[in-house]
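Each remark here refers to the structure printed beneath this line.
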Amino acid sequence: MGAAKKLKMNPRELATRVVEHLDLESIADNIEIAGPGFINIHLNDSWLSLQAESTLNHASLGINPTKPSQTVVIDYSAPNLAKEMHVGHLRSTIIGDTMARTLRYLGHTVIAQNHVGDWGTQFGMLLAHMKSLQSDSEALSMQLGDLETFYRAAKTRFDKEEGFADVARDYVVRLQSGDQECYDLWQQFVEVSLSHCDAVYERLGVLLTRDDLMPESAYNDDLANVVADLDAAGMITENDGAKCVFMEEFKGRDDTLLPAIVQKSDGGFLYATSDIAAARYRHSQLKADRVLYFVDARQGTHLAQVFAIAKKAGFVPETMSFEHMAFGTMMGKDGKPFATRTGGTVKLTDLLDEAEQRAFNLVSEKNPDLDEASRRKISGLVGIGAVKYADLSKSRTSDYIFNWDTMLSFEGNTSPYLQYAHARVRSLFAKAGEVDTSAKISIAEPAEHQLALTILRFSEVLELVEKDGTPNSLCNYLFELAGNFMTFYEACPILKTEDKAIRSSRLQLSQLTADTLKTGLGLLGIAAPDRM
RNA sequence: GCGCUGGUAGCUCAGUUGGAUAGAGUAUCUGGCUACGAACCAGAGGGUCGGGGGUUCGAAUCCUCCCCAGCGCGCCA
């Protein structure tokens with residue numbers, strides 16, 4: 001109908017003429033024109049059967065690598081090492097992980113970049129606090145055991161204790177100028193914080209490792225160069241002692257131009273500077289074709305400035321694709337963003353503990369015969385999966401309110417539903433005995449028809465995720481697939497069917513469903529156990 | 001003031017380039033377990049898609065003006 005508009009034709013008339021020229025005898029049972037000009041093509045069952053068979057025989061479910069293959073840098077997770085990871089870090093980490101998995105699956109080269117916040121003013125405060133505790137190493141290591149408390153203690157002193165703020169600022173300068181003592185203290189702190197991140201990543205089952213770290217501090221030596229190069233390009237304006245880049249397209253209050261400050265009046269650099277350095281590095285060293293930033297929507301203006309500056313300065317090609325895959329803020333139940341300073345946030349580890357506990361209770365209730373170790377294992381996969389899915393299944397851009405119960409639900413559109421559909425198939429095969437894996441698929445029932453149609457749409461969904469960075473479209477698809485399977489399962493007897501050919505065909509369809517579910521869940525970083 | 005998001009069923013949310021009677025989950029109600037696994041299935045009710053105007057054969061979707069909410073807007077990250 002879009003074509004009809006361009007041709008200025010009546011859509012129904014165009015549809016009629018298109019249908020006259022269609023030759024789909026081998027594919028469609030029936031072609032009809034409906035409504036304002038839709039062409040409905042009723043795919044015939046034998047064609048669908050053939051497609052399903054070839055998908056089943058295909059090495060990766062009919063998915064062919066995207067061409068040309070790209071080098072894609074994905075910037076995600078990036079927690080601030082000064083504090084413990086909280087629920088607000090979930091989105092970037094999990095969505096980025098899904099994108100990394102999906103793009104790799106589609107044949108791209110993915111370079112993960114975990115741009116952790118390990119640099120900047122707040123570390124001065126932490127180091128000063130560490131230093132004063134250093135004489136008592138036991139107390140120090142104990143306090144570091146709980147980063148949240150440690151941070152608060154340092155913050156309190158920074159705000160209230162006379163002279164402490166000056167000491168803290170001095171530590172920042174010493175750290176950034178390479179003072180060995182400061183550096184050692186800093187390393188000690190960062191190590192504690194990173195091992196905490198490692199543990200969270202491990203529990204979440206995300207692929208990030210230390211190899212993917214490219215912390216802010218790594219760009220430190222390049223920051224002066226960035227400013228010098230911007231200056232050489234004639235882009236620096238000095239304002240109240242600070243070095244700024246002004247661009248026409250960025251306006252602030254009262255229509256004045258909004259600066260990107262790249263160097264403070266005291267000589268220090270800012271995160272705009274390191275982000276510009278990172279953009280340049282990703283082009284020149286990592287050779288990225290595409291760079292995806294899974295970063296809070298509130299950084300929108302900042303990143304737009306960074307991309308524009310890097311391009312204008314010639315640090316990266318004008319045509320290079322920098323995409324801010326913004327996501328919304330997780331709000332508290334008062335509808336306001338979690339205020340980390342007041343401690344209103346939920347620790348990620350606490351959320352995961354609760355998820356596993358609730359899942360364990362449910363698994364134990366459903367499977368009292370299983371031994372505890374198995375129940376623990378399954379409840380880990382189910383509980384963590386539920387948390388991840390709850391986040392992944394929402395549209396990326398909108399804000400949402402954190403709620404324990406929706407986050408930890410195991411019914412309806414949740415990952416346990418998908419895992420359950422998968423487990424049901426596995427259970428069929430566990431009971432089926434010998435299975436003919438080369439059996440013909442023959443589709444006859446409406447439920448079979450619908451299931452096959454949905455299975456065949458997998459690749460188009462992955463393309464959408466690849467382009468838009470929207471894991472929720474994959475979630476929606478998998479939910480639909482699982483739902484179609486549940487309907488098929490209720491409507492079409494499989495093991496109980498007398499007819500050998502029908503039984504084999506339905507088992508083949510089930511296999512295809514399980515493979516697609518398992519693969520899809522795998523791309524979401526969620527496991528699909530055989531029992532649950 | 002300018003800019004970016006968003007406002008869809010009681011609640012939580014989908015809705016891909018403008019298309020058919022706006023869909024799920026949840027909650028409520030009705031059915032279905034001597035199980036190919038009830039974490040499920042079948043069905044019912046529930047909507048002025050924030051409001052007005054416009055473009056179009058056709059708008060939740062595009063344009064415009066309002067209202068509401070969250071966020072961003074000079075030396076934190």
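Identifiers in this document derive from the order of the structure tokens: chains are assigned A, B, ..., residues are numbered from 1 separately in each chain, and ligands are numbered from 1 in order of occurrence.
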Quick one: contact table of chain A to chain B, 8 Å max, nearest atom pair and distance in Å to one decimal per residue, counting only C-alpha atoms (C1' of nucleotides), chain and number order, as CSV?
residue,atom,partner,partner_atom,distance
A:Ala34,CA,B:A20,C1',7.7
A:Gly35,CA,B:A20,C1',5.6
A:Pro36,CA,B:A20,C1',7.6
A:Gly117,CA,B:A77,C1',7.5
A:Gly120,CA,B:A77,C1',7.7
A:Thr121,CA,B:C76,C1',7.4
A:Ala242,CA,B:C75,C1',6.3
A:Lys251,CA,B:C2,C1',7.3
A:Gly252,CA,B:C73,C1',4.8
A:Arg253,CA,B:C73,C1',6.1
A:Asp254,CA,B:G1,C1',6.1
A:Asp255,CA,B:C2,C1',6.8
A:Leu258,CA,B:C73,C1',7.4
A:Pro259,CA,B:G74,C1',6.7
A:Ile261,CA,B:C75,C1',6.5
A:Gln263,CA,B:C75,C1',7.5
A:Lys264,CA,B:C75,C1',4.9
A:Ser265,CA,B:C75,C1',6.7
A:Tyr271,CA,B:A77,C1',6.5
A:Ala297,CA,B:U5,C1',7.9
A:Arg298,CA,B:C71,C1',5.9
A:Gln299,CA,B:G72,C1',7.6
A:Gly300,CA,B:C4,C1',7.3
A:Thr301,CA,B:G72,C1',7.0
A:Gly328,CA,B:U5,C1',7.9
A:Lys336,CA,B:G70,C1',7.4
A:Lys394,CA,B:C13,C1',7.2
A:Thr397,CA,B:U5,C1',7.4
A:Ser398,CA,B:G6,C1',6.4
A:Asp399,CA,B:G6,C1',7.7
A:Thr406,CA,B:U12,C1',7.6
A:Phe410,CA,B:A39,C1',6.3
A:Glu411,CA,B:A39,C1',6.0
A:Gly412,CA,B:G25,C1',5.5
A:Asn413,CA,B:G25,C1',5.6
A:Pro416,CA,B:A39,C1',6.6
A:Tyr417,CA,B:A39,C1',6.5
A:Tyr420,CA,B:A39,C1',6.8
A:Arg424,CA,B:G37,C1',6.2
A:Ser427,CA,B:G37,C1',7.6
A:Leu428,CA,B:C36,C1',6.2
A:Leu464,CA,B:U16,C1',7.8
A:Asn476,CA,B:A14,C1',7.7
A:Met486,CA,B:C41,C1',7.4
A:Thr487,CA,B:C41,C1',7.0
A:Glu490,CA,B:C41,C1',6.6
A:Pro493,CA,B:C36,C1',6.9
A:Ile494,CA,B:C36,C1',6.1
A:Leu495,CA,B:C36,C1',5.1
A:Lys496,CA,B:C36,C1',6.3
* Residues near A:Val245, cut-off 8 Å, only C-alpha atoms (C1' of nucleotides), skip fewer than 6 positions along chain, as a ChimeraX atom specification -> /A:235-237,259-262,309
Using N, CA, C and O atoms, can you export the residues from the last selection as a compact mmCIF listing (two decimals), in the first residue's frame?
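File part.txt, as written:
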# COMPACT_ATOMS: atom_id res chain seq x y z
N MET A 235 39.47 24.29 17.62
CA MET A 235 38.14 24.09 18.18
C MET A 235 38.03 24.52 19.64
O MET A 235 36.94 24.48 20.21
N ILE A 236 39.16 24.89 20.25
CA ILE A 236 39.12 25.22 21.67
C ILE A 236 38.87 26.70 21.91
O ILE A 236 39.48 27.56 21.28
N THR A 237 37.96 26.97 22.81
CA THR A 237 37.73 28.33 23.27
C THR A 237 37.96 28.33 24.77
O THR A 237 37.45 27.45 25.47
N PRO A 259 28.79 24.46 26.15
CA PRO A 259 30.14 23.98 25.92
C PRO A 259 30.29 22.51 26.31
O PRO A 259 29.53 22.01 27.12
N ALA A 260 31.26 21.88 25.67
CA ALA A 260 31.76 20.62 26.20
C ALA A 260 33.09 21.00 26.82
O ALA A 260 33.99 21.45 26.13
N ILE A 261 33.19 20.90 28.12
CA ILE A 261 34.43 21.29 28.77
C ILE A 261 35.39 20.12 28.71
O ILE A 261 35.06 19.02 29.15
N VAL A 262 36.55 20.34 28.13
CA VAL A 262 37.52 19.24 28.01
C VAL A 262 38.68 19.39 28.98
O VAL A 262 39.44 18.45 29.19
N ILE A 309 32.09 16.18 18.26
CA ILE A 309 33.44 16.74 18.39
C ILE A 309 34.47 15.82 17.73
O ILE A 309 35.33 16.27 16.97
* **atom CA of A:Ala432 to atom CA of A:Asp515, straight-line distance in Å** =>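 Calculated distance between atom CA of A:Asp515 and atom CA of A:Ala432 is 17.2 Å.
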* Asked: Do you have the atom CA of A:Trp47-atom CA of A:Gln450 distance handy?
  -> 13.3 Å
* Asked: Distance atom CA of A:Gln188-atom CA of A:Asp170, one decimal place?
  -> 18.6 Å
* To do: Could you please write out, as a PyMOL selection string, every residue of stretch 333-395 of chain A that DSSP assigns to helix (DSSP H, G or I)?
  => chain A and resi 348-366+372-392
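The residue set within 10 Å of A:Trp404, counting only C-alpha atoms (C1' of nucleotides) and dropping same-chain residues fewer than 4 places from it, reads Leu351, Glu354, Ala355, Val387, Leu408 and Ser409 of chain A.
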Those same residues - N, CA and C atoms - I'd like them written as a tab-separated table (two decimals), in the first residue's frame.
chain	number	residue	atom	x	y	z
A	351	LEU	N	19.15	-8.54	45.04
A	351	LEU	CA	18.09	-8.91	44.10
A	351	LEU	C	18.29	-10.35	43.61
A	354	GLU	N	17.47	-12.94	46.31
A	354	GLU	CA	16.02	-13.10	46.47
A	354	GLU	C	15.44	-13.91	45.30
A	355	ALA	N	15.91	-13.63	44.10
A	355	ALA	CA	15.42	-14.34	42.92
A	355	ALA	C	15.70	-15.84	43.06
A	387	VAL	N	14.99	-12.59	36.37
A	387	VAL	CA	15.43	-11.21	36.58
A	387	VAL	C	15.90	-10.58	35.27
A	408	LEU	N	10.49	-10.62	39.86
A	408	LEU	CA	10.71	-12.00	40.29
A	408	LEU	C	9.50	-12.90	40.01
A	409	SER	N	8.69	-12.51	39.04
A	409	SER	CA	7.54	-13.33	38.70
A	409	SER	C	7.97	-14.52	37.85
* Asked: Can you list every residue in stretch 21-238 of chain A that DSSP puts in strand (DSSP E), as a PyMOL selection string?
  -> chain A and resi 28-34+38-43+71-75+109-113+236-238
File dump, residues just selected, C-alpha atoms, as a compact mmCIF listing (two decimals), in the first residue's frame:
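The file below, part.txt, is the result:
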# COMPACT_ATOMS: atom_id res chain seq x y z
CA ALA A 28 0.31 -20.67 -1.54
CA ASP A 29 -3.04 -22.36 -1.32
CA ASN A 30 -5.00 -19.27 -1.77
CA ILE A 31 -4.36 -15.62 -2.45
CA GLU A 32 -6.97 -13.05 -1.67
CA ILE A 33 -7.33 -9.32 -1.49
CA ALA A 34 -8.78 -7.99 1.71
CA PHE A 38 -4.03 -6.27 1.63
CA ILE A 39 -2.82 -9.25 -0.28
CA ASN A 40 -3.24 -12.29 1.90
CA ILE A 41 -1.12 -15.20 0.86
CA HIS A 42 -2.14 -18.39 2.58
CA LEU A 43 1.02 -20.46 2.61
CA THR A 71 33.64 -4.97 13.58
CA VAL A 72 31.33 -3.69 16.26
CA VAL A 73 32.52 -2.12 19.48
CA ILE A 74 29.97 -2.36 22.26
CA ASP A 75 30.36 -0.10 25.25
CA THR A 109 33.30 -9.32 15.20
CA VAL A 110 32.35 -7.88 18.55
CA ILE A 111 34.76 -6.03 20.79
CA ALA A 112 33.29 -5.50 24.23
CA GLN A 113 34.50 -2.42 26.06
CA ILE A 236 39.12 25.22 21.67
CA THR A 237 37.73 28.33 23.27
CA GLU A 238 38.94 29.34 26.69
